[in-house]
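These notes concern the structure reproduced below.
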Amino acid sequence: MHTIELDQMVLEAEDGLMLGNGDLSVSIYQKAGQIVWRFGKNDVWDRRLDTSDSPEPAHIDEVARGVRDEGWTSHGFLEGHGEATRGTTDEKRMKDLCSGYPAYASRPYPCPKPVGELALHFPVDQRGLKISQRLSIEKATVDIRCEWESSVVINVHCFVAPSPNALVVSWEAENWSDETATGEKPPVWFSLYRWADPTVEKFASELFSGTRYGYFQGSIRSDKVTPLPPPSVRQIDGHPVVEQKFYPDLEFSDGFRYGLAPFASDLTTKSIPATMDNGDAARIHLISEEAVLKGEIAVVVPCSTDKGGMEAELRRLRQQLAADLPGTLHQWETTALADAEQFWAKSAVEIDDPLLESTWYGTLHTRRCAYRAGVIAPGLAFPSTVQDYSLWHGDYHTNFNYQQPFYGDYTANHIDVGDSFFPGMKHMVDIGRKLARDYWGCRGTFIQLSGYPFPTDNDPYGTGPLARMAYMTGWVSNHYWWRYLYTQDLEWLRSEGYPIIRATALFYTDFLKKGDDGLYHAFPSGQGEYFYTGKPEDYTDQPQVVRHARYCLQSAVQAADALGADETLRQQWQEILDHLVQVDDLDKLGMSDEEKRRYYLNMPAFIGMDVGNYIPRPGDEPKYLHLSRGGSNFLPWQMMIHLRNGVFEPDRDVPAVRAHLRRWYLPNGVIRAMSTGDHGFIGAYGESTGILEPLQEMMLQSWDGVIRVFPAWPKQLNAQFKTLRAEGAFLVSAAWQDGRVRSLSIISEAGKRCSVASPWPDGVSVIDEAKQPVKTTAKDRDTIAFETAPGKKYKLVPTRTA
């Protein structure tokens, strides 16, 4: 059993222990006299996309003319201070297109919103509080013990139900008597509340006063930003509910809304008049007239996306809970424990390094709280940690921030978690079809740098130097192809994956243009995140753009071939690939044939870092050898680049990785992505959970369809893993001890031909479940292949012991 244990109060939600079911999550922290559960929910967003001040989004022909003919330069993402260094025929339009899009730069919304909080009030007059908090990862429960000098003890146990969306808290007070009691209230009572949305001016002022980090200036200067409507306490069928309404949007014509509804034993609910809260909150108190020493409370969170809407879901739950509250809560916990057991049975690791092992378990637990198949994924921050307004809109930022929290899900054998990539992305794909058609003159779909997990009817980021970059489209497409490689699920590929891969490939088919040299070129598109420079070469054949276009087209060819689809398109895509401009001189880099093979088989994000031509070579010193002062958000990406290029040196690099983790791994199991000292408590950003993949790839790699176990592992660090997933739909288990592989077995899910790099110098032999030898074929000196049957397990041993 893996636990995270804290023996002090936690003062911020993003530092608190986390529970969740992949849709509803809570972060647990403390205030004076209170234990607080802060709710987050993946679909709770202020969905307003206000383009009223925004110019017509940029057409790619305008950008091409500005870059090629007018020499545009710009110097900011808010006000671009655009200049046409070679003159322009339309000064205003040039300046508009060089400046940040007002719908993004001058509005704080769309953005995710916090849901509200439940507070357990304990006797604040008691002296000498000692608090201990324990998260049991494999049970998905948190237990808290508060103890005072008087011998009064309050024990708290809590969990989030897999379904419905509910937090359940049970408590018990010990040694509360006439001799130990303080105050006239019972030892435990609760308040459930949602505060009123502050003005952006107030939020920005508080952020700056605590950090000196200035943000939201564009929103403040626009003088057009309005908070959400204030929350209220409603009686729905006689039951009090804290309700938060949102403004109308394309999906909910009356506005999205959700409720916080309490159900408790032996506690009376008391709605607090708005005048007593000064209109700043909607609040319900739950308190007994007598000193009740034991009880349970459930808070359910129905919302507009539930079947029939918020009120219909609340009525269903109220009927169920009214019939048998204790029995229902017991059943919910039984289901939660079984669900957790099933989750953790899918894979496991053991590492003789507590920091690395706890990083794997803590990271996967955190993802389980906030990601689930069929549910839209969070934006930048975990939902239970978001603030009233978010930096960068808390959006789907598609140049690594959105993608990296999914790195490692499939290798960890958690298809259910990895599949949460797709529901929210559907909306970006949908609006991307309009953007491709109207602003690029292309078929297919264009994936914008910034987007949201709900319908929009216009470009969310229509002007500025970042508005027309072509590399994110391929980057997003990678995940659909990845899913197929790891599962070999042909039906999913046909119905879900290939339509998106095809659409992204069609975009590149039309965007890439054949030049007089007979090669296909990418113009105009920048890479990374930088301003207009006045130099056309900075928008021509940028490595990040061409690499992603190439890999996307490769994936489309392979996917179409697997399905026997689109023969004409396949030929067209292959023709482009055969004549695509080369942006990396592999011979000049001194790459061997093996290194060139790695280059073409690996997804572009794992070839080189973000922008430029740099690809790490043997002997190069990784950036992560030096501790970052700003956070750990780039660490997983940098590690993956070195692992996939075959230049990760475990005995050199792992101590550096451990140093990063010691600096940025928080006591609650979350790795801090960006410095709180620099940015404030802006939410726990999910991108650093990408550490899951490089940790696993040190133990298991299959990027070219060949299984390699412990390919980049420190020689003297013992470890083992169980049923990690390799490409080809193989579940691999292996152990490393005393500097060598001690055991290796493979389960074949799909019955595909299996290729394995021998982990032993004398070769490898294969034995089936009947202990019979399996015929193998040598692919090369170090690699064998063998046929498999679906669902069968194979043991691999050194040839001399077979």
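All residue names refer to the structure tokens as shown: chains lettered A, B, ... in order, residues numbered from 1 in each chain, ligands numbered from 1 in order.
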
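Residue-level DSSP output for range 611-731 of chain A, from the backbone, shows strand (DSSP E) at Leu700, Gln701, Val706, Ile707, Arg708, Val709, Ala719, Gln720, Phe721, Lys722, Thr723, Leu724, Arg725, Ala726, Phe730 and Leu731 of chain A.
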
What does the file look like for those residues with N, CA and C atoms, as a PDB file, in the first residue's frame?
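Result written to part-v7.pdb:
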```pdb
ATOM      1  N   LEU A 700      10.879   0.533 -20.022  1.00  0.00           N
ATOM      2  CA  LEU A 700      10.276  -0.158 -21.168  1.00  0.00           C
ATOM      3  C   LEU A 700      10.145   0.802 -22.339  1.00  0.00           C
ATOM      4  N   GLN A 701      10.661   0.381 -23.502  1.00  0.00           N
ATOM      5  CA  GLN A 701      10.490   1.158 -24.732  1.00  0.00           C
ATOM      6  C   GLN A 701       9.977   0.245 -25.835  1.00  0.00           C
ATOM      7  N   VAL A 706       9.626  -2.682 -31.359  1.00  0.00           N
ATOM      8  CA  VAL A 706      10.499  -3.664 -30.716  1.00  0.00           C
ATOM      9  C   VAL A 706      10.494  -3.402 -29.215  1.00  0.00           C
ATOM     10  N   ILE A 707      10.193  -4.430 -28.434  1.00  0.00           N
ATOM     11  CA  ILE A 707      10.147  -4.289 -26.982  1.00  0.00           C
ATOM     12  C   ILE A 707      11.564  -4.336 -26.421  1.00  0.00           C
ATOM     13  N   ARG A 708      11.896  -3.312 -25.616  1.00  0.00           N
ATOM     14  CA  ARG A 708      13.185  -3.264 -24.935  1.00  0.00           C
ATOM     15  C   ARG A 708      12.909  -3.058 -23.454  1.00  0.00           C
ATOM     16  N   VAL A 709      13.470  -3.908 -22.595  1.00  0.00           N
ATOM     17  CA  VAL A 709      13.245  -3.775 -21.164  1.00  0.00           C
ATOM     18  C   VAL A 709      14.486  -3.217 -20.495  1.00  0.00           C
ATOM     19  N   ALA A 719      14.773  -2.865  -9.663  1.00  0.00           N
ATOM     20  CA  ALA A 719      13.409  -2.432  -9.969  1.00  0.00           C
ATOM     21  C   ALA A 719      12.676  -3.559 -10.681  1.00  0.00           C
ATOM     22  N   GLN A 720      11.354  -3.467 -10.669  1.00  0.00           N
ATOM     23  CA  GLN A 720      10.534  -4.370 -11.466  1.00  0.00           C
ATOM     24  C   GLN A 720       9.225  -3.673 -11.801  1.00  0.00           C
ATOM     25  N   PHE A 721       8.618  -4.130 -12.871  1.00  0.00           N
ATOM     26  CA  PHE A 721       7.309  -3.583 -13.249  1.00  0.00           C
ATOM     27  C   PHE A 721       6.404  -4.716 -13.711  1.00  0.00           C
ATOM     28  N   LYS A 722       5.110  -4.444 -13.603  1.00  0.00           N
ATOM     29  CA  LYS A 722       4.101  -5.441 -13.947  1.00  0.00           C
ATOM     30  C   LYS A 722       3.130  -4.857 -14.964  1.00  0.00           C
ATOM     31  N   THR A 723       2.968  -5.529 -16.063  1.00  0.00           N
ATOM     32  CA  THR A 723       2.011  -5.252 -17.136  1.00  0.00           C
ATOM     33  C   THR A 723       1.981  -3.790 -17.565  1.00  0.00           C
ATOM     34  N   LEU A 724       3.155  -3.234 -17.829  1.00  0.00           N
ATOM     35  CA  LEU A 724       3.210  -1.997 -18.595  1.00  0.00           C
ATOM     36  C   LEU A 724       2.914  -2.357 -20.054  1.00  0.00           C
ATOM     37  N   ARG A 725       2.384  -1.395 -20.779  1.00  0.00           N
ATOM     38  CA  ARG A 725       1.901  -1.659 -22.138  1.00  0.00           C
ATOM     39  C   ARG A 725       2.916  -1.189 -23.175  1.00  0.00           C
ATOM     40  N   ALA A 726       3.156  -2.050 -24.157  1.00  0.00           N
ATOM     41  CA  ALA A 726       4.034  -1.716 -25.267  1.00  0.00           C
ATOM     42  C   ALA A 726       3.216  -1.583 -26.543  1.00  0.00           C
ATOM     43  N   PHE A 730       0.929  -5.272 -26.280  1.00  0.00           N
ATOM     44  CA  PHE A 730       1.594  -6.267 -25.442  1.00  0.00           C
ATOM     45  C   PHE A 730       1.725  -5.729 -24.019  1.00  0.00           C
ATOM     46  N   LEU A 731       1.411  -6.570 -23.036  1.00  0.00           N
ATOM     47  CA  LEU A 731       1.574  -6.220 -21.628  1.00  0.00           C
ATOM     48  C   LEU A 731       2.828  -6.913 -21.120  1.00  0.00           C
TER      49      LEU A 731
END
```

Apply DSSP to the backbone of this structure and, from range 99-345 of chain A, keep only the residues in helix (DSSP H, G or I); write these as a PyMOL selection string. chain A and resi 102-105+200-211+217-222+274-277+310-323+325-344

Nearby residues (only C-alpha atoms) at most 9 Å from range 281-292 of chain A, same-chain spacing under 5 positions excluded, as a PyMOL selection string: chain A and resi 172-173+176+185-197+230-233+240-244+262+264+266-274

Can you pull out every residue within 7 Å of Tyr530 in chain A, counting only C-alpha atoms, but drop anything in the same chain fewer than 2 positions away, and send it as a list in words? Pro465, Gly528 and Tyr532 of chain A

Please, could you write that set of residues out with N, CA and C atoms as a short mmCIF file (atom, residue, chain, number, x, y, z; two decimals), in the first residue's frame?
```cif
data_model
loop_
_atom_site.label_atom_id
_atom_site.label_comp_id
_atom_site.auth_asym_id
_atom_site.auth_seq_id
_atom_site.Cartn_x
_atom_site.Cartn_y
_atom_site.Cartn_z
N PRO A 465 0.99 37.07 -33.79
CA PRO A 465 2.00 36.23 -34.45
C PRO A 465 1.81 34.74 -34.19
N GLY A 528 7.17 27.40 -32.33
CA GLY A 528 7.31 27.79 -30.93
C GLY A 528 6.36 28.92 -30.60
N TYR A 532 6.54 38.40 -34.94
CA TYR A 532 6.93 38.66 -36.32
C TYR A 532 8.31 39.32 -36.32
#
```

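The environment of Val766 in chain A within 8 Å, counting only C-alpha atoms and disregarding residues fewer than 2 places along the same chain, consists of Val764, Asp768, Pro773, Val774, Lys775, Thr776, Tyr794, Lys795, Leu796, Val797 and Ala802 of chain A.
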
Residues at most 9 Å from Val476 in chain A, counting only C-alpha atoms, excluding those fewer than 4 positions away in the same chain, as a ChimeraX atom specification? /A:398-399,403,425,447,472,480,504

Keeping only C-alpha atoms, write the selected residues to a file as a PDB file, in the first residue's frame.
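See out-v7.pdb below for the written result:
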```pdb
ATOM      1  CA  THR A 398      -1.705  22.690 -27.706  1.00  0.00           C
ATOM      2  CA  ASN A 399       2.035  23.250 -27.945  1.00  0.00           C
ATOM      3  CA  GLN A 403      -0.471  16.997 -24.559  1.00  0.00           C
ATOM      4  CA  MET A 425     -10.478  17.916 -28.245  1.00  0.00           C
ATOM      5  CA  ILE A 447      -5.807  22.853 -34.539  1.00  0.00           C
ATOM      6  CA  MET A 472      -0.052  22.044 -33.448  1.00  0.00           C
ATOM      7  CA  TYR A 480      -4.969   9.391 -32.147  1.00  0.00           C
ATOM      8  CA  THR A 504      -5.268  16.743 -40.087  1.00  0.00           C
TER       9      THR A 504
END
```

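Minimum distance to Leu627 in chain A across A:Tyr498, A:Trp664, A:Tyr614, A:Phe681 (counting only C-alpha atoms) occurs at A:Trp664.
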
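With only C-alpha atoms as the atoms that count, the minimum distance from Leu635 in chain A to the choices A:Gly444, A:Gly462, A:Gly128, A:Gly690 is reached by A:Gly690.
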
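With only C-alpha atoms as the atoms that count, the minimum distance from Trp148 in chain A to the choices A:Asp178, A:Asp339, A:Asp7, A:Asp125 is reached by A:Asp125.
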
Please provide as number ranges by chain all residues within 10 Å of range 215-224 of chain A, with the sequence filter that same-chain residues fewer than 6 positions apart are discarded (counting only C-alpha atoms). A: 50, 53, 78-79, 100, 102-109, 199-205, 207-208, 389-392, 679

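If you look at CA of Asn602 in chain A and CA of Trp703 in chain A, they are 6.7 Å away from each other.
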
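One distance worth recording is that between CA of Glu14 in chain A and CA of Glu117 in chain A, which is 13.6 Å.
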